[in-house]
Amino acid sequence: MIKDNDLPSSAKVLVNKALTCSKFYMLPKIHKENSPGRPIVSTCNCPTVVISQFLDSIFTPIVQTLPTYIKDSSEAIRIFNQFYFTGDHKYVFTMDVRSLYTSIPIDDGLNALKHFLEKDNPSNCSTSCLIRLAELVLKTASFSFNGNYYRQISGVSMGTRMGPSFACLFMGYLEEQIFARYSGATPHLFKRYIDDVVGATSCSLDELNDFIDYVSNFHPAIKFTYAISSTHVTFLDIELSISDNRLSTSVFYKSTDAHTFLNYKSSHPPSCKDAIPYSQLLRLKRICTDHDDFQRRATEMISFFKDRGYPTHITDNSLKRIAHMTQDEALQPRTHVDADRIPIILTYHPTTTKIFTILKNKFRYTFIR
């Protein structure tokens, strides 16, 4: 429960206002045994929401410079494609931080921020100012639940904008210390997406276990679950396998994935619905290393869309568009062209096509539906 005496005087006003707008939610993790809860504190309209957004704009570029940083599945696959095993042993492994966001000691997290900001502060604000702002976001996090008010005294709220970048910088700080201090064999590949680590190595199994044990016990508040395999592991939506001296990838679905794509009878713009099969088949092309595996997965994907009422000619045309595309071509990042235009956004309804036609005929602008 919140007590005014527990708060710094400069934060009391913020907290009193935050109590009226921050809500606590427990979202079930249905893909895990017994569906444990994921605690979410919504910070929408919270007094520190703008501060959190500002800090995130500064911290995110720093996160992207971390040596273990992975942006998304596509970047992970590009990294996997460049990896070669160089020794007699071949292992892949994954590690997952248990409840990362809520486990980070606030003072340790602030020290991590200070460490990186002192090395490279990309903003015009002083490091001390940024640390103080981060302290306000972290130490005045409060919420209501069942009619009672609480203040979060450890970790970062999963609903605040700076949460992911704060957690990533804390983990990056730990990793920097780990690799500097550990004297044994380290994995040849060690990458992380927020709290999910993936790696590959040619060291022995005992050496790998020693390294993971060292990492798991490096910080008393941070604990890991892990998996080691000489064949394959799963990471994000990727099944990562050992193939000779290389790594190969295929798509991975969680057991709870019902493949309930947007129903084709839904009242959405036809262009929106028609684009979904193409985007999903393109995703398969990015992920699947083997062409035969892609063909099997594509056939499976088309059956998912058939169950959702998609016409055969839509899915077949989508498959034809990427039939001769290579994985490297599919992995090329898209280039966005900034257009100097004023958008008009309308709630979709089949009758709005008439409005679109009138606007298009009367105004000399480029319209995107």
# chains A, B, ... in the order shown; residues from 1 in each chain; ligands from 1
$ residues_around --residues "A:Ala258" --least-positions-apart "6" --cutoff "12 Å" --atoms "only C-alpha atoms" --output "list in words"
His31, Met301, Phe304, Phe305, Asp307 and Arg308 of chain A
$ closest_atom_pairs --of "stretch 59-170 of chain A" --to "stretch 230-250 of chain A" --cutoff "8 Å" --atoms "only C-alpha atoms" --output "Markdown table"
| residue | atom | partner | partner_atom | distance |
| --- | --- | --- | --- | --- |
| A:Ser73 | CA | A:Leu236 | CA | 7.0 |
| A:Ile77 | CA | A:Thr249 | CA | 7.4 |
| A:Phe80 | CA | A:Leu247 | CA | 6.0 |
| A:Asn81 | CA | A:Leu247 | CA | 6.5 |
| A:Phe83 | CA | A:Arg246 | CA | 6.3 |
| A:Tyr84 | CA | A:Arg246 | CA | 5.1 |
| A:Phe85 | CA | A:Asn245 | CA | 5.0 |
| A:Thr86 | CA | A:Asn245 | CA | 7.5 |
| A:Lys90 | CA | A:Ser230 | CA | 6.1 |
| A:Tyr91 | CA | A:Ser230 | CA | 4.7 |
| A:Val92 | CA | A:Ser230 | CA | 6.3 |
| A:Phe93 | CA | A:Val233 | CA | 6.5 |
| A:Thr94 | CA | A:Val233 | CA | 7.1 |
$ residues_around --residues "A:Ile276" --least-positions-apart "4" --cutoff "9 Å" --atoms "only C-alpha atoms" --output "ChimeraX atom specification"
/A:261-262,271-272,280-281
$ select_by_dssp --residues "stretch 141-342 of chain A" --states "helix (DSSP H, G or I)" --output "VMD selection string"
chain A and resid 163 to 181 205 to 216 270 to 287 291 to 307 312 to 322 327 to 330
$ closest_residue --among "A:Ser103, A:Asn263, A:Thr353, A:Asn317" --to "A:Ala221" --atoms "only C-alpha atoms"
A:Ser103
$ closest_residue --among "A:His349, A:His313, A:Lys139, A:Arg98" --to "A:Gln152" --atoms "only C-alpha atoms"
A:Lys139
$ residues_around --residues "A:Ile222" --least-positions-apart "3" --cutoff "10 Å" --atoms "only C-alpha atoms" --output "PyMOL selection string"
chain A and resi 97-100+103-105+171+174+215-219
$ closest_residue --among "A:Pro269, A:Ala323, A:Asn111, A:Gly309" --to "A:Asp292" --atoms "only C-alpha atoms"
A:Ala323
$ atom_distance --atom1 "atom CA of A:Asp213" --atom2 "atom CA of A:Glu176"
16.5 Å
$ atom_distance --atom1 "atom CA of A:Ser126" --atom2 "atom CA of A:Phe59"
13.6 Å
$ residues_around --residues "A:Arg161" --least-positions-apart "3" --cutoff "7 Å" --atoms "only C-alpha atoms" --output "number ranges by chain"
A: 52-53, 56
$ residues_around --residues "A:Pro270" --least-positions-apart "2" --cutoff "12 Å" --atoms "only C-alpha atoms" --output "PyMOL selection string"
chain A and resi 262-268+272-276+310-311+314+348-350+353+369
$ residues_around --residues "stretch 68-71 of chain A" --least-positions-apart "4" --cutoff "7 Å" --atoms "only C-alpha atoms" --output "VMD selection string"
chain A and resid 64 75 to 76 190 to 193
$ closest_residue --among "A:Cys129, A:Ile153, A:Met162, A:Leu284" --to "A:Val63" --atoms "only C-alpha atoms"
A:Met162
$ atom_distance --atom1 "atom CA of A:Thr140" --atom2 "atom CA of A:Pro36"
26.2 Å
$ select_by_dssp --residues "stretch 93-307 of chain A" --states "strand (DSSP E)" --output "NGL selection string"
:A and (93-97 or 142-145 or 148-151 or 189-193 or 196-201 or 224-229 or 232-235 or 238-243 or 246-251)
$ write_last_selection --atoms "N, CA and C atoms" --output "short mmCIF file (atom, residue, chain, number, x, y, z; two decimals), in the first residue's frame"
data_model
loop_
_atom_site.label_atom_id
_atom_site.label_comp_id
_atom_site.auth_asym_id
_atom_site.auth_seq_id
_atom_site.Cartn_x
_atom_site.Cartn_y
_atom_site.Cartn_z
N PHE A 93 21.42 -23.17 -28.02
CA PHE A 93 20.78 -23.04 -26.72
C PHE A 93 19.93 -21.77 -26.67
N THR A 94 18.98 -21.76 -25.76
CA THR A 94 18.18 -20.58 -25.48
C THR A 94 18.14 -20.35 -23.98
N MET A 95 17.99 -19.10 -23.59
CA MET A 95 17.86 -18.73 -22.19
C MET A 95 16.75 -17.69 -22.09
N ASP A 96 15.97 -17.76 -21.03
CA ASP A 96 14.84 -16.86 -20.84
C ASP A 96 14.87 -16.31 -19.42
N VAL A 97 14.89 -14.98 -19.30
CA VAL A 97 14.89 -14.37 -17.98
C VAL A 97 13.51 -14.50 -17.35
N SER A 142 2.59 3.77 -9.72
CA SER A 142 1.56 3.37 -8.77
C SER A 142 0.30 3.00 -9.52
N PHE A 143 -0.55 2.20 -8.88
CA PHE A 143 -1.73 1.70 -9.57
C PHE A 143 -2.81 1.32 -8.57
N SER A 144 -4.01 1.15 -9.08
CA SER A 144 -5.12 0.72 -8.23
C SER A 144 -5.53 -0.69 -8.62
N PHE A 145 -5.96 -1.46 -7.62
CA PHE A 145 -6.41 -2.83 -7.85
C PHE A 145 -7.37 -3.20 -6.74
N ASN A 148 -7.85 -0.78 -3.85
CA ASN A 148 -6.69 -0.38 -3.07
C ASN A 148 -5.63 0.23 -3.98
N TYR A 149 -4.77 1.08 -3.41
CA TYR A 149 -3.71 1.73 -4.16
C TYR A 149 -2.35 1.16 -3.75
N TYR A 150 -1.49 0.98 -4.76
CA TYR A 150 -0.17 0.39 -4.52
C TYR A 150 0.90 1.19 -5.24
N ARG A 151 2.11 1.11 -4.72
CA ARG A 151 3.27 1.70 -5.38
C ARG A 151 4.25 0.59 -5.72
N LEU A 189 28.19 -17.55 -30.54
CA LEU A 189 27.03 -16.73 -30.89
C LEU A 189 26.19 -16.54 -29.64
N PHE A 190 25.93 -15.28 -29.30
CA PHE A 190 25.14 -14.96 -28.12
C PHE A 190 24.36 -13.70 -28.42
N LYS A 191 23.05 -13.84 -28.66
CA LYS A 191 22.20 -12.71 -29.03
C LYS A 191 20.96 -12.71 -28.15
N ARG A 192 20.33 -11.53 -28.03
CA ARG A 192 19.19 -11.42 -27.12
C ARG A 192 18.12 -10.51 -27.71
N TYR A 193 16.85 -10.93 -27.54
CA TYR A 193 15.70 -10.10 -27.84
C TYR A 193 14.98 -9.84 -26.51
N ASP A 196 14.81 -12.82 -24.07
CA ASP A 196 15.04 -14.11 -24.72
C ASP A 196 16.42 -14.15 -25.35
N VAL A 197 17.25 -15.09 -24.92
CA VAL A 197 18.61 -15.24 -25.42
C VAL A 197 18.68 -16.46 -26.32
N VAL A 198 19.44 -16.35 -27.40
CA VAL A 198 19.71 -17.48 -28.28
C VAL A 198 21.20 -17.52 -28.54
N GLY A 199 21.74 -18.73 -28.66
CA GLY A 199 23.17 -18.85 -28.89
C GLY A 199 23.54 -20.15 -29.56
N ALA A 200 24.77 -20.20 -30.05
CA ALA A 200 25.33 -21.40 -30.67
C ALA A 200 26.81 -21.43 -30.35
N THR A 201 27.35 -22.64 -30.21
CA THR A 201 28.76 -22.74 -29.82
C THR A 201 29.37 -24.06 -30.26
N PHE A 224 17.34 -17.43 -14.79
CA PHE A 224 17.06 -17.88 -16.14
C PHE A 224 16.48 -19.29 -16.14
N THR A 225 15.66 -19.56 -17.14
CA THR A 225 15.40 -20.93 -17.58
C THR A 225 16.17 -21.10 -18.88
N TYR A 226 16.56 -22.34 -19.21
CA TYR A 226 17.37 -22.51 -20.41
C TYR A 226 17.14 -23.89 -21.02
N ALA A 227 17.54 -23.99 -22.27
CA ALA A 227 17.46 -25.28 -22.99
C ALA A 227 18.69 -25.39 -23.88
N ILE A 228 19.30 -26.57 -23.89
CA ILE A 228 20.48 -26.86 -24.73
C ILE A 228 20.16 -28.06 -25.60
N SER A 229 20.58 -27.99 -26.86
CA SER A 229 20.30 -29.11 -27.76
C SER A 229 21.42 -29.25 -28.78
N HIS A 232 18.07 -28.95 -32.26
CA HIS A 232 17.28 -27.76 -32.56
C HIS A 232 16.72 -27.13 -31.29
N VAL A 233 16.41 -25.84 -31.36
CA VAL A 233 15.73 -25.10 -30.30
C VAL A 233 14.75 -24.13 -30.96
N THR A 234 13.86 -23.56 -30.17
CA THR A 234 12.92 -22.56 -30.70
C THR A 234 13.25 -21.20 -30.10
N PHE A 235 13.16 -20.17 -30.96
CA PHE A 235 13.45 -18.80 -30.55
C PHE A 235 12.49 -17.87 -31.29
N ILE A 238 10.82 -18.86 -34.60
CA ILE A 238 11.79 -19.58 -35.42
C ILE A 238 12.15 -20.90 -34.76
N GLU A 239 12.21 -21.96 -35.56
CA GLU A 239 12.81 -23.22 -35.11
C GLU A 239 14.22 -23.26 -35.68
N LEU A 240 15.20 -23.19 -34.80
CA LEU A 240 16.60 -23.11 -35.19
C LEU A 240 17.24 -24.50 -35.10
N SER A 241 17.81 -24.97 -36.22
CA SER A 241 18.37 -26.32 -36.27
C SER A 241 19.82 -26.30 -36.72
N ILE A 242 20.55 -27.34 -36.32
CA ILE A 242 21.93 -27.51 -36.77
C ILE A 242 21.92 -28.34 -38.04
N SER A 243 22.55 -27.81 -39.08
CA SER A 243 22.63 -28.50 -40.38
C SER A 243 24.07 -28.46 -40.86
N ARG A 246 26.34 -25.37 -40.35
CA ARG A 246 25.54 -24.16 -40.45
C ARG A 246 24.30 -24.26 -39.56
N LEU A 247 23.57 -23.17 -39.53
CA LEU A 247 22.28 -23.13 -38.86
C LEU A 247 21.18 -22.98 -39.90
N SER A 248 20.13 -23.73 -39.75
CA SER A 248 18.98 -23.61 -40.64
C SER A 248 17.76 -23.24 -39.83
N THR A 249 16.78 -22.64 -40.50
CA THR A 249 15.61 -22.14 -39.79
C THR A 249 14.32 -22.58 -40.46
N SER A 250 13.29 -22.73 -39.64
CA SER A 250 11.94 -23.01 -40.11
C SER A 250 10.98 -22.27 -39.20
N VAL A 251 9.71 -22.23 -39.57
CA VAL A 251 8.74 -21.50 -38.76
C VAL A 251 8.34 -22.33 -37.55
#
